[in-house]
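Participant: Quick one: this structure, given as structure tokens, is what I'll be asking you about.
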Amino acid sequence: MSTIELSRKRRKQLKKLKGQTASLIGEQRQVLEHANAILAEARANAADVARRDIAPRVQNAIDNGVRPAVATGMSAASSAASATKDRIVSDVIPSLVSTAGTVLGAMDSVKDPRVQKIVKQAQKKAKSAQKKLPKQRSGIGFGGVALIIVGVVAIAGAAYAAYQTLRADDDLWVADDADTAEKPAS
């Protein structure tokens with residue numbers, strides 16, 4: 001390879017361009033350093049605002065919205081469970097005991113051949129009637145209803161917390177200095 005000989009004019013132009021390029025790169029570095037400093041300050045301010053303003057609002061929304069709603073839901077579920085327990089103890093168990101006594105008394109009479117004949121006829125009729133009935137689905141039950149209620153309360157609490165956090169409060173805004181500067185001094 002051979003080197004290219006440049007004229008003095010071209011060498012001067014290249015040297016000038018090289019100097020301008022170095023100057024431009026230096027300016028770009030300064031601009032980037034300044035932008036990084038501004039971004040660092042903005043990041044610190046955003047973190048400070050989040051720590052002083054947003055975090056207390058979220059905590060307040062949780063304390064005043066979500067926790068009471070969950071407590072109310074838990075109280076309602078506890079009350080329903082207590083009422084169910086009382087109902088079982090006062091109504092269902094005595095009925096079962098009474099039915100068991102009746103069944104035991106009836107078992108003695110089941111040994112009679114006439115009763116056995118009637119029972120067989122009733123079983124046949126019950127089987128044929130059962131085949132004619134459509135199959136029924138069982139419901140979700142008390143536990144499923146309780147879980148749905150707790151889920152709805154939790155979702156409502158979260159939505160309320162988000163609303164409280166994101167809504168604009170007019171009380172939080174500070175009046176501009178321009179409004180106070182327009183008033184004449186006495």
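Chain labels A, B, ... are given in the sequence in which chains occur in the structure tokens; within each chain residues are numbered consecutively from 1, and ligands are likewise numbered from 1 in the order shown.
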Can you pull out every residue within 9 Å of A:Ala161, counting only C-alpha atoms, but drop anything in the same chain fewer than 2 positions away, and send it as a ChimeraX atom specification?
Facilitator: /A:57-62,64-66,156-159,163-166
Participant: Excluding A:Ala146 and its own-chain neighbours fewer than 6 positions away, which residues fall within 12 Å of it when counting only C-alpha atoms? Please give them as a PyMOL selection string.
Facilitator: chain A and resi 73-81+140+152-153
Participant: How would the residues just picked look written out with C-alpha atoms as a compact mmCIF listing (two decimals), in the first residue's frame?
Facilitator:
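And here is the file that came out, selection-v6.txt:
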```txt
# COMPACT_ATOMS: atom_id res chain seq x y z
CA GLY A 73 -66.65 -8.54 55.98
CA MET A 74 -65.02 -10.74 58.59
CA SER A 75 -67.56 -9.59 61.18
CA ALA A 76 -70.45 -10.40 58.84
CA ALA A 77 -68.97 -13.82 58.04
CA SER A 78 -68.42 -14.52 61.74
CA SER A 79 -72.00 -13.46 62.52
CA ALA A 80 -73.37 -15.69 59.76
CA ALA A 81 -71.28 -18.63 60.98
CA ILE A 140 -72.02 -23.47 45.86
CA VAL A 152 -65.88 -8.56 46.57
CA VAL A 153 -65.03 -6.65 49.76
```
Participant: Based on DSSP run over this structure's backbone, return all residues of stretch 53-126 of chain A in alpha helix (DSSP H), as a PyMOL selection string.
Facilitator: chain A and resi 55-61+67-87+93-110+113-126
Participant: Interatomic distance between atom CA of A:Ala126 and atom CA of A:Leu96?
Facilitator: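 According to the coordinates, atom CA of A:Ala126 and atom CA of A:Leu96 are separated by 22.8 Å.
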